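Student: What follows is model.cif; its format and atoms are mmCIF, C-alpha atoms.
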data_entry
#
loop_
_atom_site.label_atom_id
_atom_site.label_comp_id
_atom_site.auth_asym_id
_atom_site.auth_seq_id
_atom_site.Cartn_x
_atom_site.Cartn_y
_atom_site.Cartn_z
CA MET U 1 -24.04 17.59 -3.59
CA TRP U 2 -23.53 13.84 -3.81
CA LYS U 3 -22.38 12.83 -7.20
CA LYS U 4 -21.85 9.41 -8.54
CA ASP U 5 -18.28 8.53 -9.23
CA ASP U 6 -18.74 8.41 -12.99
CA ASP U 7 -19.51 12.10 -13.02
CA LEU U 8 -16.37 12.96 -11.12
CA ASN U 9 -13.81 10.74 -12.71
CA PRO U 10 -11.40 12.79 -14.75
CA ALA U 11 -10.72 11.97 -18.34
CA PRO U 12 -8.21 9.20 -18.99
CA GLY U 13 -4.72 10.55 -18.73
CA ALA U 14 -5.71 13.48 -16.60
CA PRO U 15 -4.28 13.86 -13.08
CA GLY U 16 -6.09 11.59 -10.68
CA SER U 17 -7.39 9.36 -13.45
CA GLU U 18 -5.59 6.29 -12.22
CA LYS U 19 -7.73 3.43 -11.01
CA LEU U 20 -8.75 3.60 -7.40
CA PRO U 21 -9.90 0.62 -5.37
CA THR U 22 -13.64 0.19 -5.17
CA SER U 23 -16.03 -2.46 -3.97
CA ARG U 24 -16.51 -3.39 -7.59
CA ASP U 25 -12.98 -4.67 -7.83
CA PRO U 26 -13.13 -8.44 -8.29
CA ALA U 27 -10.47 -8.95 -5.64
CA ARG U 28 -12.49 -7.13 -3.02
CA SER U 29 -14.40 -9.16 -0.54
CA THR U 30 -17.35 -7.20 0.76
CA PRO U 31 -20.75 -7.06 -0.83
CA ALA U 32 -20.58 -4.73 -3.76
CA THR U 33 -23.29 -2.17 -4.10
CA GLY U 34 -22.07 -0.97 -7.43
CA GLU U 35 -22.15 2.55 -6.07
CA ARG U 36 -19.47 5.03 -5.19
CA ALA U 37 -20.38 8.45 -4.02
CA ALA U 38 -18.04 11.37 -4.24
CA ILE U 39 -17.53 14.67 -2.54
CA GLY U 40 -16.51 17.14 -5.20
CA ARG U 41 -13.61 19.48 -4.78
CA SER U 42 -15.83 22.48 -4.22
CA ILE U 43 -17.69 20.87 -1.34
CA THR U 44 -16.95 21.40 2.35
CA ILE U 45 -18.57 19.15 4.93
CA ARG U 46 -18.43 19.68 8.66
CA GLY U 47 -19.78 16.80 10.68
CA GLU U 48 -20.05 13.05 10.42
CA VAL U 49 -20.12 11.19 7.15
CA SER U 50 -21.40 7.63 7.27
CA GLY U 51 -23.07 5.22 4.91
CA GLU U 52 -22.94 1.98 3.01
CA GLU U 53 -21.16 2.71 -0.21
CA ASP U 54 -17.68 3.59 -1.31
CA LEU U 55 -16.68 7.22 -1.13
CA LEU U 56 -14.26 9.41 -3.01
CA ILE U 57 -13.35 12.67 -1.29
CA GLN U 58 -11.98 15.41 -3.50
CA GLY U 59 -13.29 18.24 -1.33
CA HIS U 60 -12.97 19.26 2.30
CA VAL U 61 -14.25 17.20 5.22
CA ASP U 62 -13.96 18.34 8.81
CA GLY U 63 -15.36 15.94 11.37
CA SER U 64 -15.41 12.19 10.91
CA VAL U 65 -15.83 9.66 8.13
CA ASN U 66 -17.27 6.34 9.17
CA LEU U 67 -17.75 3.80 6.39
CA LYS U 68 -16.66 0.63 8.08
CA GLN U 69 -17.42 -1.78 5.28
CA GLN U 70 -16.46 0.42 2.36
CA VAL U 71 -13.54 1.81 0.45
CA VAL U 72 -12.78 5.41 1.36
CA THR U 73 -10.52 7.27 -1.02
CA VAL U 74 -9.13 10.70 -0.33
CA GLY U 75 -8.26 11.97 -3.79
CA ARG U 76 -5.35 14.20 -4.67
CA GLU U 77 -7.53 17.26 -4.18
CA GLY U 78 -9.06 16.02 -0.96
CA GLN U 79 -8.37 17.75 2.34
CA VAL U 80 -9.68 15.94 5.37
CA LYS U 81 -9.49 16.91 9.01
CA ALA U 82 -11.20 13.89 10.41
CA ASP U 83 -10.76 10.39 11.65
CA ILE U 84 -11.52 7.98 8.83
CA THR U 85 -12.83 4.47 9.29
CA GLY U 86 -13.30 2.11 6.38
CA ARG U 87 -12.67 -1.36 5.10
CA VAL U 88 -9.96 0.05 2.87
CA VAL U 89 -8.68 3.60 3.25
CA ASN U 90 -6.74 4.93 0.29
CA VAL U 91 -5.12 8.36 0.60
CA GLU U 92 -3.74 10.45 -2.22
CA GLY U 93 -4.44 13.85 -0.68
CA GLU U 94 -4.18 15.43 2.76
CA VAL U 95 -5.49 13.98 5.98
CA GLU U 96 -5.13 15.24 9.51
CA GLY U 97 -6.66 12.56 11.64
CA ASN U 98 -6.49 8.89 12.44
CA LEU U 99 -7.03 6.22 9.80
CA LYS U 100 -8.58 2.90 10.73
CA ALA U 101 -9.27 0.11 8.27
CA GLU U 102 -10.52 -3.41 8.61
CA GLU U 103 -8.35 -4.58 5.74
CA GLN U 104 -5.82 -2.07 4.52
CA VAL U 105 -4.61 1.50 4.54
CA ILE U 106 -2.73 2.75 1.49
CA LEU U 107 -0.77 6.00 1.49
CA ARG U 108 0.04 6.91 -2.09
CA SER U 109 3.14 8.87 -3.02
CA SER U 110 1.16 12.13 -3.09
CA ALA U 111 -0.38 11.56 0.36
CA ARG U 112 0.21 13.94 3.25
CA VAL U 113 -1.01 12.39 6.46
CA GLN U 114 -0.65 13.32 10.09
CA GLY U 115 -2.27 10.87 12.47
CA ASP U 116 -2.20 7.28 13.56
CA ILE U 117 -2.97 4.30 11.36
CA THR U 118 -4.62 1.13 12.57
CA ALA U 119 -4.95 -1.65 10.02
CA PRO U 120 -3.69 -5.19 9.57
CA ARG U 121 -2.00 -4.16 6.35
CA VAL U 122 -0.43 -0.84 5.48
CA VAL U 123 1.17 0.31 2.26
CA LEU U 124 3.40 3.38 2.43
CA GLU U 125 4.53 4.43 -0.99
CA ASP U 126 7.83 6.19 -1.50
CA GLY U 127 7.26 9.91 -1.44
CA ALA U 128 4.29 9.79 0.91
CA ASN U 129 4.52 12.36 3.66
CA PHE U 130 3.44 10.71 6.89
CA ARG U 131 3.88 11.52 10.54
CA GLY U 132 2.36 9.26 13.13
CA GLY U 133 2.11 5.75 14.38
CA ILE U 134 1.23 2.55 12.57
CA ASP U 135 -0.42 -0.29 14.45
CA MET U 136 -0.83 -3.47 12.43
CA GLY U 137 -2.11 -5.50 15.35
CA GLU U 138 -0.63 -8.45 17.05
CA PRO U 139 2.08 -10.45 15.30
CA GLU U 140 0.96 -13.44 13.34
CA THR U 141 1.70 -16.75 14.93
CA GLN U 142 2.87 -18.42 11.75
CA GLY U 143 5.07 -17.08 9.01
CA LYS U 144 5.53 -13.48 8.07
CA ARG U 145 3.49 -11.15 5.98
CA PRO U 146 5.28 -8.31 4.21
CA ALA U 147 3.32 -5.12 4.36
CA ASP U 148 2.98 -4.67 0.63
CA GLU U 149 2.24 -8.23 -0.37
CA PRO U 150 -1.14 -8.55 -2.07
CA LYS U 151 -3.74 -10.18 0.07
CA VAL U 152 -6.48 -12.36 -1.36
CA THR U 153 -9.61 -12.72 0.68
CA GLU U 154 -12.68 -14.80 0.21
CA LYS U 155 -15.81 -13.10 -0.93
CA LYS U 156 -18.53 -13.00 1.65
CA THR U 157 -21.94 -13.79 0.27
CA SER U 158 -23.98 -14.22 3.38
CA GLU U 159 -25.26 -10.67 3.53
CA PRO U 160 -27.75 -9.52 0.95
CA THR U 161 -26.19 -6.86 -1.18
CA GLN U 162 -29.47 -5.10 -1.73
CA ALA U 163 -29.70 -4.31 1.94
CA LEU U 164 -26.63 -2.18 1.54
CA GLY U 165 -27.63 -0.57 -1.66
CA GLY U 166 -28.86 2.88 -2.37
CA LEU U 167 -27.57 6.28 -1.54
CA SER U 168 -27.45 6.20 2.19
CA LYS U 169 -24.88 8.72 3.22
CA VAL U 170 -25.75 10.31 6.52
CA VAL U 171 -24.33 13.69 7.06
CA SER U 172 -24.90 15.62 10.23
CA GLY U 173 -23.65 19.11 10.64
CA SER U 174 -23.34 21.91 8.19
CA ILE U 175 -22.61 21.63 4.52
CA THR U 176 -21.04 24.52 2.70
CA GLU U 177 -20.79 24.84 -1.00
CA THR U 178 -18.15 27.26 -2.06
CA SER U 179 -18.35 29.44 -5.08
CA ASP U 180 -17.27 26.75 -7.50
CA ALA U 181 -20.15 24.87 -8.96
CA VAL U 182 -20.48 21.25 -8.02
CA SER U 183 -20.58 20.30 -11.65
CA LYS U 184 -17.06 21.56 -12.04
CA THR U 185 -15.71 18.78 -9.91
CA GLY U 186 -15.70 16.39 -12.77
CA ASN U 187 -13.63 18.63 -14.98
CA MET Q 188 32.59 -2.01 22.05
CA HIS Q 189 34.33 -2.60 18.79
CA TRP Q 190 35.15 -0.18 16.03
CA LEU Q 191 35.03 -1.10 12.42
CA ARG Q 192 35.89 1.09 9.52
CA ARG Q 193 33.78 0.65 6.44
CA PRO Q 194 34.11 2.39 3.10
CA TRP Q 195 31.68 5.13 2.24
CA ARG Q 196 30.05 4.19 -0.99
CA ALA Q 197 28.44 7.36 -2.19
CA THR Q 198 26.80 6.40 -5.41
CA PRO Q 199 24.43 8.67 -7.24
CA ARG Q 200 20.98 7.18 -7.36
CA GLU Q 201 18.48 7.51 -10.10
CA ALA Q 202 15.76 10.03 -9.56
CA GLY Q 203 12.62 8.39 -8.42
CA ALA Q 204 11.79 6.36 -5.41
CA ASP Q 205 12.19 8.71 -2.52
CA GLU Q 206 12.24 12.01 -4.24
CA PRO Q 207 9.20 14.15 -3.61
CA GLU Q 208 6.83 14.55 -6.46
CA GLU Q 209 5.80 18.08 -5.75
CA PRO Q 210 7.72 20.49 -7.93
CA GLY Q 211 9.56 23.33 -6.33
CA GLU Q 212 10.66 21.50 -3.25
CA LYS Q 213 14.35 21.92 -2.65
CA GLU Q 214 15.02 18.26 -2.15
CA ALA Q 215 13.91 17.54 -5.70
CA ASN Q 216 17.36 18.61 -6.89
CA SER Q 217 19.32 16.94 -4.13
CA PRO Q 218 20.67 13.54 -4.98
CA LEU Q 219 20.04 10.62 -2.70
CA ARG Q 220 23.40 9.31 -1.57
CA GLU Q 221 23.64 5.67 -0.80
CA ARG Q 222 26.14 4.44 1.73
CA SER Q 223 26.92 1.33 3.66
CA ALA Q 224 25.43 1.25 7.11
CA PRO Q 225 27.14 -1.23 9.42
CA GLY Q 226 25.30 0.40 12.29
CA ILE Q 227 21.95 -0.55 10.79
CA GLU Q 228 23.22 -4.06 10.29
CA ALA Q 229 24.19 -4.19 13.96
CA LEU Q 230 20.88 -2.67 15.01
CA PHE Q 231 18.84 -5.43 13.42
CA ALA Q 232 21.32 -8.24 14.00
CA GLY Q 233 19.79 -11.26 15.63
CA LEU Q 234 16.25 -9.92 15.68
CA ARG Q 235 13.46 -12.28 14.73
CA GLU Q 236 11.31 -11.28 11.80
CA ASP Q 237 8.12 -12.12 13.63
CA GLY Q 238 6.60 -8.68 14.02
CA SER Q 239 7.10 -8.71 17.75
CA HIS Q 240 9.15 -5.53 17.91
CA ALA Q 241 8.06 -1.91 18.20
CA ILE Q 242 10.05 0.65 16.24
CA LEU Q 243 10.37 4.39 16.73
CA ASP Q 244 11.88 6.32 13.83
CA LEU Q 245 12.61 9.94 14.70
CA GLY Q 246 12.99 10.84 11.05
CA PRO Q 247 10.33 11.42 8.43
CA ALA Q 248 8.51 8.44 7.00
CA ALA Q 249 10.08 6.64 4.09
CA GLY Q 250 8.56 3.81 2.12
CA GLY Q 251 11.78 1.82 2.01
CA SER Q 252 12.26 2.09 5.75
CA PHE Q 253 8.68 1.07 6.42
CA ARG Q 254 8.95 -2.00 4.24
CA LEU Q 255 11.99 -3.09 6.17
CA TYR Q 256 10.53 -2.26 9.57
CA SER Q 257 7.37 -4.21 8.84
CA ARG Q 258 9.43 -7.38 8.68
CA PHE Q 259 10.25 -6.94 12.33
CA ALA Q 260 7.47 -4.89 13.86
CA ARG Q 261 3.72 -4.50 13.84
CA ARG Q 262 3.96 -1.18 15.65
CA ILE Q 263 5.96 1.55 14.02
CA ARG Q 264 6.04 5.28 14.61
CA PHE Q 265 7.53 7.94 12.38
CA ALA Q 266 7.89 10.91 14.69
CA ASP Q 267 9.70 13.17 12.23
CA LEU Q 268 11.46 15.11 14.94
CA LEU Q 269 14.20 15.99 12.49
CA ASN Q 270 11.84 18.40 10.78
CA ALA Q 271 10.49 19.95 13.95
CA PRO Q 272 12.29 23.28 13.34
CA ALA Q 273 10.88 23.47 9.82
CA ARG Q 274 7.40 23.05 11.28
CA GLY Q 275 8.07 25.81 13.77
CA GLU Q 276 8.04 23.43 16.70
CA GLY Q 277 10.59 23.63 19.46
CA TRP Q 278 12.53 20.51 20.29
CA ALA Q 279 10.99 20.25 23.73
CA LYS Q 280 7.46 20.43 22.33
CA ALA Q 281 8.28 17.88 19.67
CA LEU Q 282 9.64 15.51 22.28
CA GLN Q 283 6.58 15.97 24.45
CA SER Q 284 4.43 14.82 21.56
CA LEU Q 285 5.92 11.36 21.99
CA SER Q 286 3.88 9.67 24.64
CA PRO Q 287 4.96 6.35 26.10
CA ASP Q 288 2.87 3.26 25.57
CA PRO Q 289 3.29 1.09 28.67
CA GLU Q 290 1.86 -1.94 26.87
CA HIS Q 291 4.09 -1.62 23.84
CA PRO Q 292 7.29 0.24 24.67
CA TYR Q 293 9.67 0.66 21.79
CA ASP Q 294 12.60 -1.69 21.59
CA LEU Q 295 14.20 -0.22 18.47
CA VAL Q 296 14.82 3.49 18.04
CA LEU Q 297 16.41 5.19 15.05
CA ALA Q 298 17.41 8.67 16.13
CA TRP Q 299 19.50 9.28 13.01
CA ASN Q 300 21.44 12.55 13.43
CA LEU Q 301 19.05 14.17 15.87
CA LEU Q 302 21.81 14.83 18.39
CA ASP Q 303 23.63 16.91 15.79
CA ARG Q 304 20.54 19.05 15.34
CA VAL Q 305 19.52 19.65 18.95
CA PRO Q 306 21.39 22.39 20.83
CA PRO Q 307 23.77 21.00 23.48
CA ARG Q 308 21.50 21.97 26.35
CA GLY Q 309 18.65 19.89 24.94
CA ARG Q 310 20.57 16.76 24.05
CA SER Q 311 20.24 15.13 27.44
CA LEU Q 312 16.51 15.84 27.28
CA VAL Q 313 16.36 13.88 24.03
CA VAL Q 314 18.04 10.89 25.58
CA GLU Q 315 15.88 11.09 28.69
CA SER Q 316 12.79 11.11 26.51
CA LEU Q 317 13.99 8.11 24.56
CA ALA Q 318 14.70 6.25 27.78
CA ARG Q 319 11.15 6.99 28.90
CA LEU Q 320 9.72 5.55 25.70
CA THR Q 321 11.76 2.38 25.54
CA THR Q 322 12.00 -0.90 27.32
CA SER Q 323 15.06 -2.31 29.00
CA GLY Q 324 17.31 -3.81 26.35
CA ALA Q 325 16.04 -1.48 23.66
CA ARG Q 326 18.49 -0.69 20.87
CA LEU Q 327 19.22 2.88 19.79
CA TYR Q 328 20.81 3.89 16.50
CA VAL Q 329 22.51 7.27 16.23
CA VAL Q 330 24.53 8.96 13.50
CA VAL Q 331 26.96 11.76 14.32
CA ASP Q 332 28.34 14.05 11.67
CA GLY Q 333 32.06 14.47 12.10
CA SER Q 334 32.64 16.03 8.72
CA GLY Q 335 33.12 19.52 10.08
CA ASP Q 336 30.76 21.01 7.52
CA PRO Q 337 30.01 24.53 8.86
CA THR Q 338 26.62 24.71 7.17
CA PRO Q 339 25.14 21.25 6.99
CA ARG Q 340 21.70 20.68 5.55
CA PRO Q 341 19.01 18.57 7.17
CA LEU Q 342 19.06 15.02 5.91
CA ARG Q 343 16.29 12.62 5.06
CA PHE Q 344 17.25 9.02 5.70
CA THR Q 345 15.83 5.96 3.99
CA LEU Q 346 16.72 2.36 4.66
CA LEU Q 347 17.59 0.67 1.41
CA GLY Q 348 18.42 -2.62 3.03
CA LEU Q 349 19.67 -4.06 6.26
CA ASP Q 350 23.12 -2.63 5.60
CA ARG Q 351 22.39 0.26 3.24
CA VAL Q 352 21.12 3.76 3.91
CA GLY Q 353 20.13 6.49 1.51
CA GLN Q 354 20.49 10.04 2.73
CA GLN Q 355 19.26 13.09 0.95
CA PRO Q 356 19.77 16.75 1.88
CA VAL Q 357 16.48 18.56 2.29
CA GLY Q 358 15.67 22.09 3.31
CA ASP Q 359 17.87 25.01 4.17
CA PRO Q 360 21.33 24.79 5.70
CA TYR Q 361 21.62 25.39 9.42
CA PRO Q 362 24.59 26.53 11.51
CA ALA Q 363 26.61 23.58 12.69
CA LEU Q 364 26.70 22.99 16.41
CA PRO Q 365 29.89 22.02 18.25
CA GLN Q 366 30.95 18.56 17.16
CA LEU Q 367 30.12 15.61 19.34
CA LEU Q 368 33.30 13.71 20.12
CA PRO Q 369 33.13 9.96 20.73
CA ALA Q 370 33.65 10.11 24.47
CA LYS Q 371 31.00 12.80 24.75
CA VAL Q 372 28.53 10.68 22.81
CA GLU Q 373 29.02 7.73 25.10
CA ARG Q 374 28.40 9.89 28.16
CA LEU Q 375 25.47 11.62 26.58
CA LEU Q 376 23.67 8.41 25.66
CA HIS Q 377 23.41 7.20 29.26
CA PRO Q 378 21.32 5.12 30.23
CA PHE Q 379 21.95 3.65 26.80
CA ARG Q 380 25.30 1.92 26.62
CA VAL Q 381 27.21 2.07 23.35
CA GLU Q 382 27.83 -1.45 22.11
CA HIS Q 383 28.92 -0.76 18.53
CA GLY Q 384 30.57 2.22 16.94
CA PHE Q 385 31.50 2.60 13.29
CA THR Q 386 33.51 5.35 11.69
CA LEU Q 387 32.55 5.97 8.09
CA LYS Q 388 34.26 7.88 5.38
CA LEU Q 389 33.98 11.68 5.68
CA GLY Q 390 34.00 11.34 9.44
CA HIS Q 391 30.45 10.22 10.03
CA ARG Q 392 30.02 7.88 12.96
CA GLU Q 393 27.29 5.36 13.64
CA TYR Q 394 26.45 4.14 17.11
CA VAL Q 395 24.27 1.33 18.36
CA ALA Q 396 23.54 1.57 22.03
CA VAL Q 397 21.48 -0.64 24.31
CA ARG Q 398 19.32 0.62 27.15
CA ARG Q 399 20.31 -0.73 30.52
#
Can I see the file as structure tokens?
Tutor:
Amino acid sequence: MWKKDDDLNPAPGAPGSEKLPTSRDPARSTPATGERAAIGRSITIRGEVSGEEDLLIQGHVDGSVNLKQQVVTVGREGQVKADITGRVVNVEGEVEGNLKAEEQVILRSSARVQGDITAPRVVLEDGANFRGGIDMGEPETQGKRPADEPKVTEKKTSEPTQALGGLSKVVSGSITETSDAVSKTGN
Amino acid sequence: MHWLRRPWRATPREAGADEPEEPGEKEANSPLRERSAPGIEALFAGLREDGSHAILDLGPAAGGSFRLYSRFARRIRFADLLNAPARGEGWAKALQSLSPDPEHPYDLVLAWNLLDRVPPRGRSLVVESLARLTTSGARLYVVVDGSGDPTPRPLRFTLLGLDRVGQQPVGDPYPALPQLLPAKVERLLHPFRVEHGFTLKLGHREYVAVRR
């Protein structure tokens, strides 16, 4: 069921092939595990998803997604009915639920989101379909910070990256594979 | 209250920014019309860009609007009441979905042309709801269509600047309701008091009212 990102990335030029943020991005600040798991488009998960690595959702998730220190991406094919917590939450598909991010929430132009967003930085691309509230926290005491201005953060090195490594998704609840084969998700 | 007439600058805009990407949607073929918006200018006049405000937009979310709002507010809500009929929601139910936040009441509300869309019996309910959600001194922005178009189409509004608005017809036409005349608007908006009114070309009117 869990497939590494490399298996799911579409060919260059194909829809959804654009670069998505991951912990491997040099500009990212959290310990990088070098891993990104993915939920293929034929997968349906009901329950809680949690873990210590980045996640790409191209399938269906109904419940909650809790990856506080990671990048959670809902791909164009993804359909999520769940609250999502992550360090960065990047939405290209459909979400019905609240989005909470330690750093940033990004709603791409293809996103369809109904729920509330809590994050210090929010990017809402033109064309994104969004209904809900946005809470970016208390105002800064000095200066202003436009919502879509790139933010550079220092890289934390205090925590051992190995401690976060490995495939450690925890899924409680039922998992349903639909008729499409998992291997098709990369096509 | 002062009235100021401004020219309507309807300029065709290149396809792109706010047009939906999904093919087949009706708005894909509807041009975004850009116009001057003295009411928006009045709405934001004098506000500090320190994020201390809370903004309620009763229209659908728009990237351009959000970028502008985020200069003034850290709390922003896109309620998208304008599309409530398309979602099959009644106006009353849509209004009920807006719950007040006692800690962070809204002090800026963009109602766009909602009053044109809501049947006359429900208009006072809209204003009552907005009064419930806002703090004393809150500013309310309203657009009223005085064009007399018998079959107007719902509009999607996008802020293109502090004095520019883009509006794009989306969805199916709906039967026009009886026109709201200026005196009626002022009475209807109570407990908001109209402080600025602007008549635009084609008969559209913008109002900025302040909650007492």
Student: Can you work out which residues from chain U touch chain Q at a cut-off of 7 Å (counting only C-alpha atoms) and hand them back as number ranges by chain?
Tutor: U: 124-127, 129-139, 144, 146-147
Student: What is the CA of Pro287 (chain Q)-CA of Leu342 (chain Q) distance in Å, reported with one decimal?
Tutor: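 Interatomic distance, CA of Pro287 (chain Q) to CA of Leu342 (chain Q): 26.1 Å.
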Student: Rounded to one decimal place, report the CA of Asp288 (chain Q)-CA of Glu228 (chain Q) distance in Å.
Tutor: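 Going from CA of Asp288 (chain Q) over to CA of Glu228 (chain Q) covers 26.5 Å.
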Student: Enter the distance from CA of Leu99 (chain U) to CA of Leu55 (chain U), in Å, rounded to one decimal.
Tutor: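 About the pair CA of Leu99 (chain U) and CA of Leu55 (chain U): they are 14.6 Å apart.
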Student: Name the residues in contact with region 63-79 of chain U at a cut-off of 6 Å, using only C-alpha atoms, excluding same-chain residues fewer than 4 positions from it; report them as a ChimeraX atom specification.
Tutor: /U:22,46-51,53-59,83-95
Student: For the selection just defined, write its residues with C-alpha atoms to a file, as a compact mmCIF listing (two decimals), in the frame of the given file.
Tutor:
# COMPACT_ATOMS: atom_id res chain seq x y z
CA THR U 22 -13.64 0.19 -5.17
CA ARG U 46 -18.43 19.68 8.66
CA GLY U 47 -19.78 16.80 10.68
CA GLU U 48 -20.05 13.05 10.42
CA VAL U 49 -20.12 11.19 7.15
CA SER U 50 -21.40 7.63 7.27
CA GLY U 51 -23.07 5.22 4.91
CA GLU U 53 -21.16 2.71 -0.21
CA ASP U 54 -17.68 3.59 -1.31
CA LEU U 55 -16.68 7.22 -1.13
CA LEU U 56 -14.26 9.41 -3.01
CA ILE U 57 -13.35 12.67 -1.29
CA GLN U 58 -11.98 15.41 -3.50
CA GLY U 59 -13.29 18.24 -1.33
CA ASP U 83 -10.76 10.39 11.65
CA ILE U 84 -11.52 7.98 8.83
CA THR U 85 -12.83 4.47 9.29
CA GLY U 86 -13.30 2.11 6.38
CA ARG U 87 -12.67 -1.36 5.10
CA VAL U 88 -9.96 0.05 2.87
CA VAL U 89 -8.68 3.60 3.25
CA ASN U 90 -6.74 4.93 0.29
CA VAL U 91 -5.12 8.36 0.60
CA GLU U 92 -3.74 10.45 -2.22
CA GLY U 93 -4.44 13.85 -0.68
CA GLU U 94 -4.18 15.43 2.76
CA VAL U 95 -5.49 13.98 5.98
Student: Applied to the shown file, which residues does the PyMOL selection byres ((chain Q and resi 226) around 10) return, written as a list in words?
Tutor: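 Applying the expression gives Leu191, Ser223, Ala224, Pro225, Ile227, Glu228, Ala229, Leu230, Phe231, Ala232, Leu327, Tyr328, Val329, Val330, Leu349, Asp350, Arg351, Val352, His383, Gly384, Phe385, Thr386, Arg392, Glu393, Tyr394, Val395 and Ala396 of chain Q.
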Student: Include C-alpha atoms and write out the residues we just selected as a PDB file, keeping the file's coordinate frame.
Tutor:
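Full text of again.pdb as output:
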ATOM      1  CA  LEU Q 191      35.030  -1.100  12.420  1.00  0.00           C
ATOM      2  CA  SER Q 223      26.920   1.330   3.660  1.00  0.00           C
ATOM      3  CA  ALA Q 224      25.430   1.250   7.110  1.00  0.00           C
ATOM      4  CA  PRO Q 225      27.140  -1.230   9.420  1.00  0.00           C
ATOM      5  CA  ILE Q 227      21.950  -0.550  10.790  1.00  0.00           C
ATOM      6  CA  GLU Q 228      23.220  -4.060  10.290  1.00  0.00           C
ATOM      7  CA  ALA Q 229      24.190  -4.190  13.960  1.00  0.00           C
ATOM      8  CA  LEU Q 230      20.880  -2.670  15.010  1.00  0.00           C
ATOM      9  CA  PHE Q 231      18.840  -5.430  13.420  1.00  0.00           C
ATOM     10  CA  ALA Q 232      21.320  -8.240  14.000  1.00  0.00           C
ATOM     11  CA  LEU Q 327      19.220   2.880  19.790  1.00  0.00           C
ATOM     12  CA  TYR Q 328      20.810   3.890  16.500  1.00  0.00           C
ATOM     13  CA  VAL Q 329      22.510   7.270  16.230  1.00  0.00           C
ATOM     14  CA  VAL Q 330      24.530   8.960  13.500  1.00  0.00           C
ATOM     15  CA  LEU Q 349      19.670  -4.060   6.260  1.00  0.00           C
ATOM     16  CA  ASP Q 350      23.120  -2.630   5.600  1.00  0.00           C
ATOM     17  CA  ARG Q 351      22.390   0.260   3.240  1.00  0.00           C
ATOM     18  CA  VAL Q 352      21.120   3.760   3.910  1.00  0.00           C
ATOM     19  CA  HIS Q 383      28.920  -0.760  18.530  1.00  0.00           C
ATOM     20  CA  GLY Q 384      30.570   2.220  16.940  1.00  0.00           C
ATOM     21  CA  PHE Q 385      31.500   2.600  13.290  1.00  0.00           C
ATOM     22  CA  THR Q 386      33.510   5.350  11.690  1.00  0.00           C
ATOM     23  CA  ARG Q 392      30.020   7.880  12.960  1.00  0.00           C
ATOM     24  CA  GLU Q 393      27.290   5.360  13.640  1.00  0.00           C
ATOM     25  CA  TYR Q 394      26.450   4.140  17.110  1.00  0.00           C
ATOM     26  CA  VAL Q 395      24.270   1.330  18.360  1.00  0.00           C
ATOM     27  CA  ALA Q 396      23.540   1.570  22.030  1.00  0.00           C
TER      28      ALA Q 396
END
Student: Might you spell out which residues the PyMOL selection byres ((chain Q and resi 303-305) around 12) would select in the displayed file, as a short mmCIF file (atom, residue, chain, number, x, y, z; two decimals) with C-alpha atoms, in the coordinates of the input?
Tutor:
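Done, and the output landed in out_25.cif:
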data_model
loop_
_atom_site.label_atom_id
_atom_site.label_comp_id
_atom_site.auth_asym_id
_atom_site.auth_seq_id
_atom_site.Cartn_x
_atom_site.Cartn_y
_atom_site.Cartn_z
CA GLY Q 246 12.99 10.84 11.05
CA LEU Q 268 11.46 15.11 14.94
CA LEU Q 269 14.20 15.99 12.49
CA ASN Q 270 11.84 18.40 10.78
CA ALA Q 271 10.49 19.95 13.95
CA PRO Q 272 12.29 23.28 13.34
CA ALA Q 273 10.88 23.47 9.82
CA GLY Q 277 10.59 23.63 19.46
CA TRP Q 278 12.53 20.51 20.29
CA ALA Q 279 10.99 20.25 23.73
CA ALA Q 281 8.28 17.88 19.67
CA LEU Q 282 9.64 15.51 22.28
CA ALA Q 298 17.41 8.67 16.13
CA TRP Q 299 19.50 9.28 13.01
CA ASN Q 300 21.44 12.55 13.43
CA LEU Q 301 19.05 14.17 15.87
CA LEU Q 302 21.81 14.83 18.39
CA PRO Q 306 21.39 22.39 20.83
CA PRO Q 307 23.77 21.00 23.48
CA ARG Q 308 21.50 21.97 26.35
CA GLY Q 309 18.65 19.89 24.94
CA ARG Q 310 20.57 16.76 24.05
CA SER Q 311 20.24 15.13 27.44
CA LEU Q 312 16.51 15.84 27.28
CA VAL Q 313 16.36 13.88 24.03
CA VAL Q 314 18.04 10.89 25.58
CA VAL Q 329 22.51 7.27 16.23
CA VAL Q 330 24.53 8.96 13.50
CA VAL Q 331 26.96 11.76 14.32
CA ASP Q 332 28.34 14.05 11.67
CA GLY Q 333 32.06 14.47 12.10
CA SER Q 334 32.64 16.03 8.72
CA GLY Q 335 33.12 19.52 10.08
CA ASP Q 336 30.76 21.01 7.52
CA THR Q 338 26.62 24.71 7.17
CA PRO Q 339 25.14 21.25 6.99
CA ARG Q 340 21.70 20.68 5.55
CA PRO Q 341 19.01 18.57 7.17
CA LEU Q 342 19.06 15.02 5.91
CA PRO Q 360 21.33 24.79 5.70
CA TYR Q 361 21.62 25.39 9.42
CA PRO Q 362 24.59 26.53 11.51
CA ALA Q 363 26.61 23.58 12.69
CA LEU Q 364 26.70 22.99 16.41
CA PRO Q 365 29.89 22.02 18.25
CA GLN Q 366 30.95 18.56 17.16
CA LEU Q 367 30.12 15.61 19.34
CA LEU Q 368 33.30 13.71 20.12
CA VAL Q 372 28.53 10.68 22.81
CA HIS Q 391 30.45 10.22 10.03
CA ARG Q 392 30.02 7.88 12.96
#
